[in-house]
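The structure file start-v4.tsv is reproduced below (TSV, C-alpha atoms).
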```tsv
chain	number	residue	atom	x	y	z
A	1	MET	CA	133.67	96.81	102.12
A	2	ASN	CA	132.49	99.50	104.49
A	3	SER	CA	134.98	102.12	105.53
A	4	ILE	CA	135.53	102.76	109.22
A	5	GLU	CA	133.64	106.03	108.82
A	6	ASP	CA	130.60	104.25	107.45
A	7	ARG	CA	130.71	101.65	110.19
A	8	LEU	CA	130.86	104.39	112.79
A	9	ARG	CA	127.93	106.28	111.31
A	10	ASP	CA	125.88	103.16	111.09
A	11	ALA	CA	126.66	101.92	114.61
A	12	MET	CA	126.13	105.29	116.28
A	13	THR	CA	122.89	105.96	114.46
A	14	ALA	CA	121.61	102.51	115.35
A	15	ARG	CA	122.53	103.00	119.02
A	16	ALA	CA	121.03	106.45	119.23
A	17	ASP	CA	117.82	105.49	117.47
A	18	ILE	CA	117.03	102.90	120.13
A	19	VAL	CA	116.60	105.71	122.63
A	20	GLU	CA	112.90	106.34	122.61
A	21	ASP	CA	111.16	109.56	123.35
A	22	ASP	CA	109.62	109.31	126.79
A	23	TYR	CA	108.21	112.84	126.64
A	24	ARG	CA	109.58	114.08	129.90
A	25	PRO	CA	108.41	117.56	130.73
A	26	LEU	CA	110.76	120.51	130.86
A	27	PRO	CA	112.53	120.31	134.24
A	28	ALA	CA	111.96	123.00	136.82
A	29	PRO	CA	114.78	125.45	137.39
A	30	GLN	CA	117.51	124.42	139.84
A	31	SER	CA	115.26	123.90	142.85
A	32	ARG	CA	114.63	120.18	142.46
A	33	ARG	CA	118.36	119.66	142.73
A	34	ALA	CA	118.27	120.21	146.44
A	35	SER	CA	116.25	117.12	147.11
A	36	ARG	CA	118.18	114.69	144.93
A	37	SER	CA	121.51	113.19	145.55
A	38	SER	CA	123.05	111.65	142.44
A	39	PRO	CA	126.47	113.12	141.61
A	40	VAL	CA	125.29	115.38	138.79
A	41	LYS	CA	122.64	116.87	141.01
A	42	ILE	CA	125.17	117.64	143.68
A	43	ALA	CA	127.30	119.37	141.10
A	44	ALA	CA	124.30	121.40	140.06
A	45	VAL	CA	123.58	122.56	143.58
A	46	ALA	CA	127.18	123.55	144.15
A	47	LEU	CA	127.03	125.39	140.91
A	48	ALA	CA	123.98	127.21	142.08
A	49	VAL	CA	126.22	129.29	144.28
A	50	ALA	CA	127.82	130.66	141.18
A	51	VAL	CA	124.87	130.72	138.84
A	52	THR	CA	123.08	133.85	139.73
A	53	THR	CA	120.69	135.14	137.18
A	54	PHE	CA	117.27	136.44	136.57
A	55	GLY	CA	116.05	132.98	137.57
A	56	VAL	CA	117.12	133.62	141.13
A	57	ILE	CA	115.04	136.70	141.32
A	58	ARG	CA	112.05	134.83	140.07
A	59	LEU	CA	112.52	132.17	142.70
A	60	LEU	CA	112.39	134.81	145.36
A	61	ALA	CA	109.15	136.30	144.10
A	62	PRO	CA	106.43	136.10	146.74
A	63	SER	CA	104.49	133.49	144.78
A	64	GLY	CA	107.45	131.11	144.54
A	65	PRO	CA	107.13	127.75	146.27
A	66	ARG	CA	108.67	127.78	149.71
A	67	GLY	CA	111.36	125.19	149.02
A	68	GLU	CA	112.94	127.12	146.21
A	69	SER	CA	114.15	130.05	148.17
A	70	THR	CA	116.88	128.09	149.93
A	71	VAL	CA	118.98	127.63	146.87
A	72	ALA	CA	118.20	131.10	145.69
A	73	MET	CA	119.49	132.63	148.89
A	74	SER	CA	122.70	130.70	148.65
A	75	MET	CA	123.04	131.90	145.11
A	76	SER	CA	123.05	135.50	146.15
A	77	ASP	CA	125.84	134.72	148.62
A	78	MET	CA	126.24	138.26	149.86
A	79	ALA	CA	129.21	139.41	151.87
A	80	PRO	CA	128.65	139.08	155.62
A	81	SER	CA	128.28	142.85	155.84
A	82	GLY	CA	125.42	142.68	153.36
A	83	THR	CA	127.09	145.16	151.03
A	84	PRO	CA	126.68	144.17	147.40
A	85	GLU	CA	129.86	143.36	145.49
A	86	VAL	CA	130.82	142.02	142.15
A	87	ALA	CA	131.56	138.32	142.64
A	88	VAL	CA	133.88	136.79	140.05
A	89	PHE	CA	133.88	132.99	140.22
A	90	LEU	CA	137.00	131.12	139.13
A	91	CYS	CA	137.04	128.01	136.96
A	92	ARG	CA	137.64	124.74	138.75
A	93	ASP	CA	138.89	121.51	137.28
A	94	ASP	CA	136.09	119.91	135.37
A	95	ASP	CA	133.89	122.95	135.79
A	96	PRO	CA	130.55	122.57	133.99
A	97	PHE	CA	130.53	126.22	132.91
A	98	PRO	CA	131.11	126.44	129.16
A	99	GLY	CA	133.71	129.19	129.71
A	100	CYS	CA	135.84	126.77	131.73
A	101	GLU	CA	136.85	124.54	128.89
A	102	GLY	CA	140.56	123.92	129.41
A	103	GLY	CA	140.36	123.37	133.14
A	104	ALA	CA	140.95	125.31	136.30
A	105	ILE	CA	142.18	128.89	136.28
A	106	THR	CA	145.97	129.06	136.09
A	107	ARG	CA	148.17	131.06	138.40
A	108	THR	CA	148.93	133.62	135.68
A	109	GLU	CA	145.26	133.98	134.77
A	110	ARG	CA	144.43	134.44	138.42
A	111	GLU	CA	147.02	137.18	138.84
A	112	ASP	CA	145.96	138.90	135.63
A	113	LEU	CA	142.34	138.79	136.73
A	114	ARG	CA	143.10	140.30	140.10
A	115	ARG	CA	145.19	143.05	138.52
A	116	ALA	CA	142.46	143.78	135.98
A	117	LEU	CA	139.83	144.05	138.72
A	118	GLU	CA	142.00	146.31	140.83
A	119	ALA	CA	142.75	148.52	137.84
A	120	ARG	CA	139.08	149.29	137.18
A	121	PRO	CA	138.16	152.85	138.16
A	122	GLU	CA	134.93	151.55	139.73
A	123	THR	CA	136.76	149.21	142.11
A	124	GLU	CA	137.45	150.16	145.68
A	125	SER	CA	139.15	146.93	146.79
A	126	VAL	CA	139.43	143.28	145.81
A	127	ALA	CA	139.34	140.30	148.17
A	128	PHE	CA	139.83	136.62	147.49
A	129	GLN	CA	137.36	134.06	148.81
A	130	ASP	CA	138.62	130.49	149.04
A	131	ARG	CA	136.54	127.33	149.03
A	132	ARG	CA	136.50	127.11	152.80
A	133	GLN	CA	135.15	130.65	153.26
A	134	ALA	CA	132.65	130.11	150.46
A	135	TRP	CA	131.45	126.98	152.20
A	136	GLU	CA	131.16	128.73	155.57
A	137	ASN	CA	128.93	131.36	153.95
A	138	PHE	CA	126.97	128.69	152.19
A	139	ARG	CA	126.53	126.78	155.43
A	140	ARG	CA	125.40	129.88	157.26
A	141	THR	CA	122.77	130.77	154.67
A	142	ASN	CA	121.56	127.17	154.50
A	143	LYS	CA	121.85	126.10	158.09
A	144	ASP	CA	118.35	124.63	158.14
A	145	ASP	CA	118.74	122.53	155.05
A	146	HIS	CA	120.56	119.49	156.35
A	147	ARG	CA	120.24	117.49	153.19
A	148	LEU	CA	121.82	120.23	151.13
A	149	LEU	CA	124.62	120.63	153.64
A	150	GLN	CA	125.29	116.91	153.62
A	151	ALA	CA	125.52	116.87	149.86
A	152	ILE	CA	127.84	119.84	149.54
A	153	GLY	CA	131.37	120.08	150.89
A	154	PRO	CA	134.02	122.79	150.69
A	155	GLU	CA	135.48	121.06	147.64
A	156	ASP	CA	132.25	121.67	145.74
A	157	MET	CA	132.44	125.41	146.21
A	158	PRO	CA	133.98	127.74	143.67
A	159	GLU	CA	136.72	130.19	144.58
A	160	SER	CA	136.02	133.81	143.80
A	161	PHE	CA	137.31	137.34	143.79
A	162	ARG	CA	135.05	139.86	145.49
A	163	ALA	CA	135.31	143.40	144.19
A	164	ARG	CA	133.92	146.19	146.34
A	165	ILE	CA	132.59	148.92	144.10
A	166	ARG	CA	132.68	152.66	144.81
A	167	ALA	CA	129.36	154.27	145.64
A	168	GLY	CA	127.47	155.20	142.50
A	169	ALA	CA	129.83	153.35	140.16
A	170	ASP	CA	128.68	150.85	137.57
A	171	PHE	CA	128.65	147.29	139.01
A	172	SER	CA	127.48	145.81	135.78
A	173	ALA	CA	130.46	147.12	133.78
A	174	VAL	CA	132.89	145.45	136.19
A	175	ALA	CA	130.96	142.17	136.14
A	176	ARG	CA	130.84	142.18	132.36
A	177	ALA	CA	134.52	143.01	131.96
A	178	ALA	CA	135.52	140.26	134.39
A	179	SER	CA	133.50	137.67	132.50
A	180	GLU	CA	135.59	138.35	129.41
A	181	LEU	CA	138.85	137.28	131.06
A	182	PRO	CA	140.14	133.71	130.82
A	183	GLY	CA	139.59	131.38	133.77
A	184	VAL	CA	136.32	133.02	134.87
A	185	SER	CA	133.29	130.74	135.07
A	186	ASN	CA	130.75	133.41	135.85
A	187	SER	CA	130.62	136.86	137.34
A	188	VAL	CA	127.73	138.34	139.26
A	189	ASP	CA	126.52	141.87	139.83
A	190	GLN	CA	125.03	141.60	143.31
A	191	ALA	CA	123.63	145.11	143.24
A	192	CYS	CA	121.46	144.01	140.35
A	193	LEU	CA	120.38	140.95	142.36
A	194	LEU	CA	119.49	143.03	145.38
A	195	ASP	CA	117.53	145.36	143.16
A	196	GLY	CA	115.58	142.36	141.93
A	197	MET	CA	114.58	141.56	145.50
A	198	SER	CA	113.65	145.11	146.46
A	199	PRO	CA	110.03	146.26	146.39
A	200	TRP	CA	110.82	148.35	143.35
A	201	GLY	CA	112.29	145.31	141.63
A	202	VAL	CA	109.10	143.39	142.32
A	203	VAL	CA	107.06	146.20	140.82
A	204	LYS	CA	109.24	146.21	137.72
A	205	ARG	CA	108.76	142.49	137.28
A	206	PHE	CA	105.05	142.90	137.72
A	207	LEU	CA	105.03	145.55	135.02
A	208	GLY	CA	107.18	143.33	132.85
A	209	VAL	CA	109.91	145.92	132.43
A	210	GLY	CA	113.56	145.32	133.07
A	211	GLU	CA	112.81	141.69	133.69
A	212	ARG	CA	115.69	140.29	131.74
A	213	GLU	CA	118.25	142.71	133.00
A	214	ARG	CA	121.48	140.82	133.41
A	215	CYS	CA	122.85	140.26	136.87
A	216	SER	CA	125.12	137.42	135.82
A	217	PHE	CA	127.69	137.15	133.06
A	218	PRO	CA	128.94	133.69	132.07
A	219	GLY	CA	132.66	133.54	131.34
A	220	LYS	CA	133.61	133.95	127.69
A	221	GLY	CA	136.21	131.22	127.92
A	222	ARG	CA	139.78	131.13	126.77
B	1	MET	CA	116.63	156.01	142.00
B	2	ASP	CA	118.68	157.28	139.07
B	3	GLY	CA	120.08	153.83	138.48
B	4	GLU	CA	116.62	152.34	138.46
B	5	ILE	CA	115.34	154.71	135.85
B	6	LEU	CA	118.28	154.02	133.58
B	7	ARG	CA	117.68	150.33	133.87
B	8	LEU	CA	114.04	150.70	132.91
B	9	GLU	CA	115.22	151.63	129.44
B	10	VAL	CA	116.59	148.17	128.86
B	11	PRO	CA	114.16	146.73	126.31
B	12	ALA	CA	112.11	143.92	127.78
B	13	PRO	CA	111.94	140.74	125.72
B	14	SER	CA	108.47	139.77	124.60
B	15	ALA	CA	108.32	136.20	125.90
B	16	SER	CA	107.48	135.59	129.51
B	17	TYR	CA	109.13	133.23	131.96
B	18	PRO	CA	110.01	130.35	131.69
B	19	GLY	CA	110.44	131.58	128.18
B	20	ALA	CA	108.52	130.45	125.16
B	21	GLU	CA	111.91	130.00	123.45
B	22	LEU	CA	113.10	127.54	126.06
B	23	VAL	CA	109.90	125.51	125.91
B	24	ALA	CA	110.00	125.35	122.12
B	25	PHE	CA	113.69	124.52	122.10
B	26	TYR	CA	113.13	121.75	124.61
B	27	ARG	CA	110.32	120.29	122.54
B	28	ASP	CA	112.35	120.39	119.32
B	29	HIS	CA	115.73	119.24	120.56
B	30	ARG	CA	115.40	117.22	123.75
B	31	LEU	CA	115.36	113.81	122.11
B	32	SER	CA	118.26	114.55	119.77
B	33	LEU	CA	120.29	115.84	122.72
B	34	VAL	CA	119.55	112.70	124.75
B	35	ARG	CA	120.66	110.62	121.79
B	36	LEU	CA	123.85	112.64	121.57
B	37	ALA	CA	124.44	112.16	125.29
B	38	VAL	CA	123.83	108.41	125.14
B	39	LEU	CA	126.74	108.08	122.73
B	40	LEU	CA	128.92	110.01	125.15
B	41	VAL	CA	127.94	108.45	128.48
B	42	GLY	CA	126.67	105.00	127.52
B	43	ASP	CA	123.32	104.48	129.16
B	44	PRO	CA	120.04	106.26	128.45
B	45	GLU	CA	119.20	107.00	132.10
B	46	THR	CA	122.40	108.93	132.61
B	47	ALA	CA	121.95	110.60	129.23
B	48	GLU	CA	118.48	111.74	130.29
B	49	ASP	CA	119.90	113.06	133.54
B	50	VAL	CA	122.59	115.04	131.76
B	51	VAL	CA	120.08	116.65	129.44
B	52	GLN	CA	117.53	117.35	132.17
B	53	ASP	CA	120.26	118.94	134.17
B	54	VAL	CA	121.30	121.17	131.30
B	55	PHE	CA	117.73	122.36	130.81
B	56	ALA	CA	117.20	122.93	134.51
B	57	ARG	CA	120.11	125.32	134.32
B	58	LEU	CA	118.99	127.02	131.13
B	59	HIS	CA	116.03	128.55	132.93
B	60	GLY	CA	116.53	132.25	133.20
B	61	THR	CA	119.73	132.24	131.20
B	62	TRP	CA	118.11	132.09	127.79
B	63	ARG	CA	119.53	134.71	125.44
B	64	PRO	CA	118.14	134.80	121.92
B	65	GLY	CA	121.04	134.43	119.51
B	66	VAL	CA	123.43	133.42	122.30
B	67	THR	CA	121.74	130.28	123.56
B	68	THR	CA	122.04	128.35	120.32
B	69	LEU	CA	121.89	124.65	119.58
B	70	ALA	CA	125.71	124.68	119.50
B	71	TYR	CA	125.78	126.27	122.94
B	72	VAL	CA	123.40	123.71	124.39
B	73	ARG	CA	125.39	120.89	122.80
B	74	THR	CA	128.46	122.27	124.52
B	75	CYS	CA	126.55	122.10	127.80
B	76	VAL	CA	125.61	118.48	127.09
B	77	LEU	CA	129.26	117.67	126.33
B	78	ASN	CA	130.41	119.32	129.53
B	79	GLY	CA	127.66	117.64	131.55
B	80	SER	CA	128.68	114.26	130.12
B	81	ARG	CA	132.31	114.93	130.96
B	82	SER	CA	131.45	115.78	134.54
B	83	ILE	CA	129.46	112.66	135.05
B	84	LEU	CA	132.13	110.45	133.51
B	85	ARG	CA	134.71	112.10	135.72
B	86	ARG	CA	132.64	111.60	138.81
B	87	ARG	CA	131.85	108.08	137.86
B	88	ALA	CA	135.55	107.40	137.38
B	89	VAL	CA	136.17	108.51	140.91
B	90	ALA	CA	133.26	106.48	142.23
B	91	LEU	CA	133.84	103.15	140.56
B	92	ARG	CA	136.60	103.07	137.96
B	93	TRP	CA	134.63	103.87	134.90
B	94	ARG	CA	136.04	101.13	132.71
B	95	GLU	CA	134.05	98.65	134.68
B	96	ARG	CA	130.86	100.37	133.77
B	97	VAL	CA	131.19	102.58	130.77
B	98	THR	CA	133.31	100.54	128.43
B	99	ASP	CA	130.16	99.49	126.69
B	100	LEU	CA	127.87	101.91	124.94
B	101	VAL	CA	125.46	99.00	124.64
B	102	ASP	CA	123.98	98.97	128.07
B	103	SER	CA	121.64	95.99	128.02
B	104	ALA	CA	121.19	92.60	126.44
B	105	GLU	CA	118.09	93.89	124.73
B	106	THR	CA	119.99	96.75	123.14
B	107	ALA	CA	122.75	94.37	122.11
B	108	ALA	CA	120.28	92.17	120.30
B	109	LEU	CA	118.79	95.11	118.46
B	110	ILE	CA	122.18	96.42	117.45
B	111	GLY	CA	124.00	93.32	116.28
B	112	GLU	CA	127.52	92.12	116.99
B	113	SER	CA	129.37	94.07	114.33
B	114	ARG	CA	127.96	97.43	115.44
B	115	ARG	CA	128.50	96.55	119.04
B	116	GLU	CA	132.17	95.99	118.32
B	117	VAL	CA	132.42	99.49	116.88
B	118	LEU	CA	130.61	101.00	119.86
B	119	LEU	CA	132.83	99.14	122.30
B	120	ALA	CA	135.91	100.52	120.58
B	121	LEU	CA	134.34	103.99	120.58
B	122	ALA	CA	133.68	103.78	124.31
B	123	ARG	CA	137.29	102.86	124.99
B	124	LEU	CA	138.61	105.99	123.26
B	125	PRO	CA	139.78	108.96	125.31
B	126	ARG	CA	136.94	111.36	126.00
B	127	ARG	CA	137.89	114.05	123.47
B	128	GLN	CA	138.43	111.57	120.68
B	129	ARG	CA	135.04	110.03	121.35
B	130	GLU	CA	133.41	113.44	121.39
B	131	ALA	CA	135.00	114.43	118.10
B	132	LEU	CA	133.85	111.23	116.39
B	133	VAL	CA	130.30	111.52	117.72
B	134	LEU	CA	129.98	115.11	116.53
B	135	ARG	CA	131.59	114.35	113.19
B	136	TYR	CA	129.99	111.04	112.25
B	137	TYR	CA	126.78	110.95	114.24
B	138	LEU	CA	125.71	114.58	113.94
B	139	ASP	CA	127.60	115.04	110.66
B	140	LEU	CA	128.76	118.48	111.70
B	141	PRO	CA	131.43	120.43	109.82
B	142	ASP	CA	134.80	121.02	111.55
B	143	ALA	CA	133.96	124.64	112.28
B	144	GLU	CA	130.87	123.71	114.25
B	145	ILE	CA	132.59	120.86	116.09
B	146	ALA	CA	135.34	123.29	117.06
B	147	GLU	CA	132.73	125.69	118.41
B	148	ILE	CA	130.97	122.99	120.43
B	149	MET	CA	134.15	121.47	121.81
B	150	ARG	CA	135.71	124.91	122.31
B	151	VAL	CA	138.90	123.98	120.54
B	152	ARG	CA	140.56	125.04	117.28
B	153	GLN	CA	139.50	123.51	113.96
B	154	SER	CA	142.98	122.10	113.47
B	155	THR	CA	142.61	120.34	116.82
B	156	VAL	CA	139.30	118.86	115.68
B	157	ARG	CA	140.97	117.50	112.55
B	158	SER	CA	143.95	116.00	114.34
B	159	THR	CA	141.78	114.55	117.12
B	160	THR	CA	139.45	112.95	114.59
B	161	ALA	CA	142.35	111.53	112.60
B	162	ARG	CA	143.95	110.04	115.71
B	163	ALA	CA	140.65	108.60	116.84
B	164	LEU	CA	139.97	106.96	113.48
B	165	ALA	CA	143.46	105.51	113.36
B	166	ARG	CA	143.03	104.04	116.79
B	167	LEU	CA	139.63	102.57	115.92
B	168	LEU	CA	141.07	101.01	112.80
B	169	ARG	CA	143.84	99.44	114.86
B	170	GLU	CA	141.42	98.13	117.43
B	171	LEU	CA	138.93	96.77	114.96
B	172	GLY	CA	141.71	95.21	112.94
B	173	ASP	CA	140.90	93.69	109.60
B	174	ASN	CA	137.18	93.78	110.13
B	175	ALA	CA	137.13	97.43	109.18
```

Take the structure I supplied and represent it as structure tokens, if you would.
Amino acid sequence: MNSIEDRLRDAMTARADIVEDDYRPLPAPQSRRASRSSPVKIAAVALAVAVTTFGVIRLLAPSGPRGESTVAMSMSDMAPSGTPEVAVFLCRDDDPFPGCEGGAITRTEREDLRRALEARPETESVAFQDRRQAWENFRRTNKDDHRLLQAIGPEDMPESFRARIRAGADFSAVARAASELPGVSNSVDQACLLDGMSPWGVVKRFLGVGERERCSFPGKGR
Amino acid sequence: MDGEILRLEVPAPSASYPGAELVAFYRDHRLSLVRLAVLLVGDPETAEDVVQDVFARLHGTWRPGVTTLAYVRTCVLNGSRSILRRRAVALRWRERVTDLVDSAETAALIGESRREVLLALARLPRRQREALVLRYYLDLPDAEIAEIMRVRQSTVRSTTARALARLLRELGDNA
């Protein structure tokens, strides 16, 4: 008689094999999320605030389709003053970031993270941004996109620490170090992002140099 | 401009956006990832959505040697968890996801005995289901399952053992 293991193998393989290949094309980055409204898509858009990578910069390139820049702008999520910071996003419950396995950031992890950020020689000051503030910023940068604003509420936004960095200090080192602490979903070097949007950044992309420079560091997990 | 010049020394990868690696990876692994997801979420449409979503997010984050099949499987697992969680909030997931056999047509193709197993699998707690799918569908070793699920190997072993015991109980003498 079949063992339970064999029955499992057999049943799962049979179920999986029925799924046929429908040859869908590779999906476009992020942007299509804005126009769809199933729950996963909403999660993806909310996530976009935290996911800030080379992809963002590409979306902002002059040739990019008009609709894509909305999400990209929200991704950059600069401080109201416009000064670049290092943004360290905290894990939420059920956070899709791989580094967030194990759930939301704990109180101890949060305190340790803040202390670690404050202890960096590059850091000038550290501020906390709650979901409400994050959402206000998001709403301000996306005030014309009603559909996006309908889909996203404060509860979809990630909390974050915002580290102001001393002039001339290394943003990237702080962002990288933060990503290695538990409870961090993603940390973003906004100076690097801004650079990507500057005329010089556009030239570098055109030349194909520095294109994959990292502005965003996914959390390493616990 | 000092900072800029330093950054120019970062070696530029050869492939251009959206990344030949991503396109090739998508071509080679999309179907197998959808099949993995269907065992986790139940219906092929949702499974497709989960996988599409993962790839939409992989744009621009591709790192050779870091973005591995294990990493992408982790993303699929996490995406499936999110959708199950959200579905639970929306409509009490037991009403919809207790059956990994989503249509009469599928049921006919699969047969009653297999369907029983899949039903029991769908009723397991999420982690137990994940462990069994990775272990017995993908045939992965404990080390790799641990990496994908982001837990210790000992946890994989105990989770798998508990899941099997529960299946045996549920399926009774038929196993």

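When all atoms listed in the file are used to measure the gap to chain A, the shortest distance among B:Ser32, B:Thr46, B:Thr68, B:Asn78 belongs to B:Asn78.
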
query: What residues in chain B lie within 7 Å of chain A, counting all atoms listed in the file, written as a PyMOL selection string?
result: chain B and resi 7-8+10-12+26+31+35+38-39+44+52+55-57+59-61+74-75+78-79+82-83+86+110+114+117-118+136-137+150+168+175

task: Just give me the gap between CA of Ala87 (chain A) and CA of Leu22 (chain B) in Å, one decimal is fine.
output: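 According to the coordinates, CA of Ala87 (chain A) and CA of Leu22 (chain B) are separated by 27.1 Å.
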
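Computed from the coordinates, the CA of Phe25 (chain B) to CA of Glu144 (chain B) distance equals 18.9 Å.
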
task: Choose the residue, out of B:Val66, B:Glu170, B:His29, B:Thr160, that has the smallest atom-to-atom separation from Leu119 (chain B); count only C-alpha atoms.
output: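 Between B:Val66, B:Glu170, B:His29, B:Thr160, the residue approaching Leu119 (chain B) most closely is B:Glu170.
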
- request: Work out how far CA of Leu181 (chain A) is from CA of Leu117 (chain A), in Å to one decimal.
  value: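 Between these atoms lies a distance of 10.3 Å.
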